[in-house]
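Have a look at the structure below, then the notes.
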Amino acid sequence: MPLEREVKLGAGPAFHLPDLAGIIEGVAVAPPETVRMETVYYDTPDLRLARWGVSLRHRAGEGWTLKLAPPPSVPGKPTAVLERDELTFQGAAKKPPAEAIEVVRAYVRRAELVPVARLSTVRRRVRLVDATGTRVAEVVDDEVSVRDGRRVAARFREIEVEVPGTNGANGSDGSELIITPLVTRLRGAGAGAPDPTPKHIRALGPRAIEPPEVAPEPLLPNAPAKDVVRRAIAESVAALLHHDPLVRTGRDPEAVHQARVATRKLRSNLRTFAPLLDPEWTEPLRSELGWLAMGLGAVRDREVLLDRMRQRTASLPPNDQRSAESLLHLLEVEIDALRKKLIEDLDSQRYIDLLESLVAAAHSPVTLPEAEQPAAGVLPALATTPWKRLRSAVKQLPETPTDPELHRIRILAKRARYAAEAVAPVAGPKAESFAKAAAKLQTVLGEHQDSVTAQSWLRAAKVTGRRAFVAGELIALERLAAQDARAKWRKVWKALDRKALRDWMP
């Protein structure tokens, strides 16, 4: 799946492409070409794809192209570079391919994909190539006509500088060294300021730049508790929907993790806010989220284990490396099977029904009358309950807790953290500080649990000979890691169990 990295610039009728020769050392400018393109964009009637930053198009002579949403920009570091993953598909022009629809199934669900924009483009293209003739960049001058039947509804002109990217590089592959001087030359020739708005968004107009179907809304002063509950649910549902296509394509190695976090946080928040929610609505939703969490968790746990084992095996003697690779191949095969099962779950009607329920919950959770009270007076007390459960569980631990007991403490710490994060908009910065301290406890106990899981898998692996010896080496390393985490967790717990971090609790 190639990565598209480009900068878009506006241009007026009088603009002419300048000479691009000599701008980048060792790069030649190929003769310009002119091509005509007919493109049809597909979306749901309410433009869900566009509002999520996704596009699906058919272009005559090129077939179907699906572009996924760009990664979120780093706060305080906006960028003019539009970076998106591209997937191409074959298929008849009148109907989007089933393979493309599956990638964006979480957005589309039961809706229909229909033509929403037709663009006719005259493209003047200049390719920049290196000494081997390989394309390093492309500058295009597009004159775009937006069509409404035979009528031209609008026209605009756009200049693009595009370079091939490397997945996940975020500009670190050197593309900025190519893009920047080209943009500088074009701006000097009269091109407008960078504008990352894609063509079809400009064609579709204001509706296409509305917030996504699920988006957390700002909280008003003295907001009722139900608004905070709705916002917390919306945050997690939006995260799940955003990462769903990335789970399906394998584009982002963290996608399964983020989808799992969103699912677990939803379940935890539904538990925390239970006194304000209709149980007949809440319990079925939590049950289905538990089903989804199991599928995501099975894959994620093994992915974490594989990454951990790769790091551990790197420290083994060279003559053990081959046996270690063979051992880890068993884990890779296991992950492939679990991922296949997960994708089957995501393609099921059960999952689509769950997403529909979650989207409805993000807009209008079924609350009880108590949820109409001011959030500041109701929610901090509810967020205190998970903390009390955690503190009680720690006090009841023996001097040397068992592995399952420590795992239980980690789960309770995570719930206390999620509860504090959910009420932080009304409880204030101290709730955020408490959540960060709980996250540290969760992390150190997570390291312990990961080590326990690794030892369990290594002991259960059906291997003999040299591979069994390597498994023993790895078990020894993991036992040391578990001991280290055991030695640290009580100190981290004491840092969390401070009155100063609980001033926001009633």
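Starting from 1 in every chain, residues are counted up; chains themselves are A, B, ... following the order of the structure tokens, and ligands are numbered from 1 as listed.
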
Exercise. Once DSSP has gone over the backbone, tell me which residues of segment 180-281 of chain A are in helix (DSSP H, G or I), as a PyMOL selection string.
Key: chain A and resi 180-188+199-204+206-209+225-249+255-272+274-276+279-281

Quiz item: If we count only C-alpha atoms, what is near Arg118 of chain A at a cut-off of 8 Å, once residues fewer than 6 positions away on the same chain are taken out, given as a VMD selection string?
Solution: chain A and resid 38 to 41 146 to 148

Quiz prompt | Long-range neighbours of Ala485 of chain A as number ranges by chain, 10 Å cut-off, only C-alpha atoms, 5 positions minimum in chain | solution = A: 443-449, 451, 479-480, 490

With N, CA and C atoms retained, export the selected residues as a CSV table (one decimal), in the first residue's frame.
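Output below, filename part_9.csv:
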chain,number,residue,atom,x,y,z
A,443,THR,N,1.5,0.5,34.0
A,443,THR,CA,2.6,0.2,33.1
A,443,THR,C,3.6,-0.8,33.8
A,444,VAL,N,3.9,-0.5,35.0
A,444,VAL,CA,4.9,-1.4,35.7
A,444,VAL,C,4.2,-2.8,35.9
A,445,LEU,N,3.0,-2.9,36.2
A,445,LEU,CA,2.3,-4.1,36.4
A,445,LEU,C,2.0,-4.8,35.0
A,446,GLY,N,1.9,-4.0,34.0
A,446,GLY,CA,1.8,-4.5,32.6
A,446,GLY,C,3.1,-5.2,32.2
A,447,GLU,N,4.2,-4.6,32.6
A,447,GLU,CA,5.5,-5.3,32.3
A,447,GLU,C,5.6,-6.6,33.0
A,448,HIS,N,5.1,-6.7,34.2
A,448,HIS,CA,5.1,-7.9,35.0
A,448,HIS,C,4.2,-9.0,34.3
A,449,GLN,N,3.0,-8.5,33.9
A,449,GLN,CA,2.1,-9.5,33.2
A,449,GLN,C,2.6,-9.9,31.9
A,451,SER,N,5.7,-10.3,31.1
A,451,SER,CA,6.7,-11.3,31.4
A,451,SER,C,6.1,-12.7,31.8
A,479,ARG,N,12.0,-14.2,33.7
A,479,ARG,CA,11.9,-14.3,35.1
A,479,ARG,C,12.6,-13.1,35.8
A,480,LEU,N,13.8,-12.7,35.2
A,480,LEU,CA,14.5,-11.5,35.8
A,480,LEU,C,13.6,-10.3,35.6
A,490,ARG,N,5.4,-1.5,44.2
A,490,ARG,CA,4.9,-0.9,45.4
A,490,ARG,C,5.3,0.5,45.6

What are the closest atom pairs, with distances in Å to one decimal, for each residue of segment 247-304 of chain A lying within 7 Å of segment 413-422 of chain A, using only C-alpha atoms, rows by chain and rising residue number, as a tab-separated table?
residue	atom	partner	partner_atom	distance
A:Lys265	CA	A:Tyr418	CA	6.4
A:Ser268	CA	A:Arg415	CA	6.0
A:Asn269	CA	A:Ala419	CA	6.4
A:Thr272	CA	A:Ala419	CA	6.5

Quiz item: segment 147-352 of chain A: which residues are strand (DSSP E) by DSSP, as a list in words?
Solution: Arg147, Asp148, Arg151, Val152, Ala153, Ala154, Arg155, Phe156, Arg157, Glu158, Ile159, Glu160, Val161, Glu162, Val163, Pro164 and Gly165 of chain A

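As for atom CA of Ala293 of chain A and atom CA of Ala438 of chain A, they are spaced 21.5 Å apart.
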
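From atom CA of Leu277 of chain A back to atom CA of Pro369 of chain A, the distance works out to 8.9 Å.
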
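Distance check against Pro115 of chain A using only C-alpha atoms: of A:Ala93, A:Ala98, A:Leu477, A:Ile23, the minimum falls on A:Ala93.
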
Quiz item: Neighbours of Arg310 of chain A within 12 Å (only C-alpha atoms; same-chain residues fewer than 5 positions away dropped), as number ranges by chain?
Solution: A: 303-305, 315-316, 321, 324-329, 331-332, 454, 474

Selected residues written out with N, CA and C atoms, as a tab-separated table (two decimals), in the first residue's frame:
chain	number	residue	atom	x	y	z
A	303	GLU	N	0.89	-10.06	19.54
A	303	GLU	CA	1.78	-9.10	18.88
A	303	GLU	C	2.78	-8.51	19.88
A	304	VAL	N	2.29	-8.19	21.06
A	304	VAL	CA	3.18	-7.68	22.12
A	304	VAL	C	4.21	-8.74	22.48
A	305	LEU	N	3.77	-9.98	22.57
A	305	LEU	CA	4.67	-11.07	22.92
A	305	LEU	C	5.73	-11.26	21.83
A	315	SER	N	19.49	-10.48	22.25
A	315	SER	CA	20.58	-10.51	23.24
A	315	SER	C	21.19	-11.91	23.40
A	316	LEU	N	20.65	-12.89	22.68
A	316	LEU	CA	21.18	-14.25	22.78
A	316	LEU	C	22.48	-14.39	21.98
A	321	GLN	N	20.72	-17.81	17.43
A	321	GLN	CA	19.80	-16.95	16.71
A	321	GLN	C	18.89	-17.74	15.76
A	324	ALA	N	16.24	-19.46	17.63
A	324	ALA	CA	15.31	-18.47	18.16
A	324	ALA	C	14.32	-18.02	17.07
A	325	GLU	N	14.83	-17.81	15.85
A	325	GLU	CA	13.95	-17.42	14.75
A	325	GLU	C	12.93	-18.51	14.46
A	326	SER	N	13.36	-19.74	14.52
A	326	SER	CA	12.44	-20.86	14.29
A	326	SER	C	11.38	-20.91	15.38
A	327	LEU	N	11.79	-20.62	16.61
A	327	LEU	CA	10.84	-20.61	17.72
A	327	LEU	C	9.80	-19.50	17.53
A	328	LEU	N	10.28	-18.32	17.13
A	328	LEU	CA	9.36	-17.19	16.96
A	328	LEU	C	8.45	-17.37	15.76
A	329	HIS	N	8.88	-18.18	14.80
A	329	HIS	CA	8.01	-18.44	13.65
A	329	HIS	C	6.71	-19.10	14.09
A	331	LEU	N	5.13	-18.42	16.74
A	331	LEU	CA	4.30	-17.32	17.23
A	331	LEU	C	3.71	-16.52	16.06
A	332	GLU	N	4.50	-16.33	15.02
A	332	GLU	CA	4.02	-15.61	13.84
A	332	GLU	C	2.85	-16.34	13.19
A	454	ALA	N	4.78	-14.28	28.65
A	454	ALA	CA	5.87	-14.80	27.83
A	454	ALA	C	6.38	-16.13	28.37
A	474	LEU	N	15.26	-17.87	27.20
A	474	LEU	CA	14.31	-16.75	27.20
A	474	LEU	C	13.48	-16.73	28.48

Practice problem: Can you pull out every residue within 9 Å of Val114 of chain A, counting only C-alpha atoms, but drop anything in the same chain fewer than 5 positions away, and send it as a list in words? | Solution: Tyr41, Tyr42, Asp43, Thr44, Pro45, Lys95 and Pro96 of chain A

Those residues with N, CA and C atoms, as a short mmCIF file (atom, residue, chain, number, x, y, z; two decimals), in the first residue's frame please?
data_model
loop_
_atom_site.label_atom_id
_atom_site.label_comp_id
_atom_site.auth_asym_id
_atom_site.auth_seq_id
_atom_site.Cartn_x
_atom_site.Cartn_y
_atom_site.Cartn_z
N TYR A 41 -16.29 10.37 -7.66
CA TYR A 41 -16.10 10.06 -6.24
C TYR A 41 -17.38 9.46 -5.67
N TYR A 42 -17.20 8.45 -4.83
CA TYR A 42 -18.32 7.77 -4.20
C TYR A 42 -18.28 8.00 -2.69
N ASP A 43 -19.47 8.12 -2.11
CA ASP A 43 -19.59 8.32 -0.67
C ASP A 43 -21.01 7.97 -0.26
N THR A 44 -21.26 7.96 1.04
CA THR A 44 -22.62 7.80 1.52
C THR A 44 -23.36 9.12 1.28
N PRO A 45 -24.69 9.10 1.26
CA PRO A 45 -25.42 10.36 1.05
C PRO A 45 -25.09 11.45 2.07
N LYS A 95 -19.81 0.41 -10.00
CA LYS A 95 -20.05 -0.08 -8.64
C LYS A 95 -18.73 -0.24 -7.91
N PRO A 96 -18.60 0.33 -6.70
CA PRO A 96 -17.34 0.17 -5.94
C PRO A 96 -17.04 -1.29 -5.67
#

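By chain and then residue number, the residues within 7 Å of Arg157 of chain A are Gly10, Ala11, Gly12, Asp142, Glu143 and Val144 of chain A, counting only C-alpha atoms and disregarding those fewer than 3 positions away in sequence.
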
Quiz prompt | Which residue of A:Lys226, A:Arg410, A:Arg271, A:Arg459 approaches Ala439 of chain A most closely, using only C-alpha atoms | solution = A:Arg410

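Among the candidates A:Val452, A:Ala487, A:Val104, A:Ala427, the residue lying nearest to Ala225 of chain A is A:Ala427 (atoms considered: only C-alpha atoms).
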
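Candidate residues A:Glu280, A:Glu213, A:Asp227, A:Glu370 were compared for distance to Arg51 of chain A, and the nearest is A:Glu213, using only C-alpha atoms.
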
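Nearest residue to Asp347 of chain A among A:Arg231, A:Arg59, A:Arg109, A:Arg498 is A:Arg109, counting only C-alpha atoms.
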
Exercise. List the neighbours of Asp320 of chain A out to 10 Å using only C-alpha atoms; skip same-chain residues closer than 5 positions along the sequence, and give me the result as a list in words.
Key: Thr313, Ala314, Ser315, Glu325, Arg466, Arg467, Phe469, Val470 and Glu473 of chain A

For the residues in that selection, give me N, CA and C atoms as a PDB file, in the first residue's frame.
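Result written to out_34.pdb:
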ATOM      1  N   THR A 313      15.503 -12.113  22.016  1.00  0.00           N
ATOM      2  CA  THR A 313      16.378 -12.992  21.233  1.00  0.00           C
ATOM      3  C   THR A 313      17.584 -12.239  20.685  1.00  0.00           C
ATOM      4  N   ALA A 314      17.449 -10.918  20.525  1.00  0.00           N
ATOM      5  CA  ALA A 314      18.584 -10.141  20.018  1.00  0.00           C
ATOM      6  C   ALA A 314      19.769 -10.187  20.977  1.00  0.00           C
ATOM      7  N   SER A 315      19.495 -10.480  22.247  1.00  0.00           N
ATOM      8  CA  SER A 315      20.576 -10.513  23.241  1.00  0.00           C
ATOM      9  C   SER A 315      21.188 -11.907  23.397  1.00  0.00           C
ATOM     10  N   GLU A 325      14.827 -17.808  15.852  1.00  0.00           N
ATOM     11  CA  GLU A 325      13.954 -17.420  14.748  1.00  0.00           C
ATOM     12  C   GLU A 325      12.931 -18.508  14.457  1.00  0.00           C
ATOM     13  N   ARG A 466      17.507 -27.886  20.243  1.00  0.00           N
ATOM     14  CA  ARG A 466      18.098 -26.562  20.410  1.00  0.00           C
ATOM     15  C   ARG A 466      17.038 -25.490  20.673  1.00  0.00           C
ATOM     16  N   ARG A 467      15.878 -25.644  20.049  1.00  0.00           N
ATOM     17  CA  ARG A 467      14.816 -24.650  20.265  1.00  0.00           C
ATOM     18  C   ARG A 467      14.332 -24.696  21.711  1.00  0.00           C
ATOM     19  N   PHE A 469      16.168 -25.454  24.245  1.00  0.00           N
ATOM     20  CA  PHE A 469      17.224 -24.808  25.023  1.00  0.00           C
ATOM     21  C   PHE A 469      17.083 -23.285  24.954  1.00  0.00           C
ATOM     22  N   VAL A 470      16.817 -22.769  23.742  1.00  0.00           N
ATOM     23  CA  VAL A 470      16.629 -21.329  23.563  1.00  0.00           C
ATOM     24  C   VAL A 470      15.414 -20.852  24.353  1.00  0.00           C
ATOM     25  N   GLU A 473      16.471 -20.328  27.790  1.00  0.00           N
ATOM     26  CA  GLU A 473      17.217 -19.071  27.951  1.00  0.00           C
ATOM     27  C   GLU A 473      16.260 -17.883  28.066  1.00  0.00           C
TER      28      GLU A 473
END

Quiz item: With only C-alpha atoms as the atoms that count, which of A:Val108, A:Leu113, A:Ala461, A:Leu441 lies nearest to Val492 of chain A?
Solution: A:Leu441
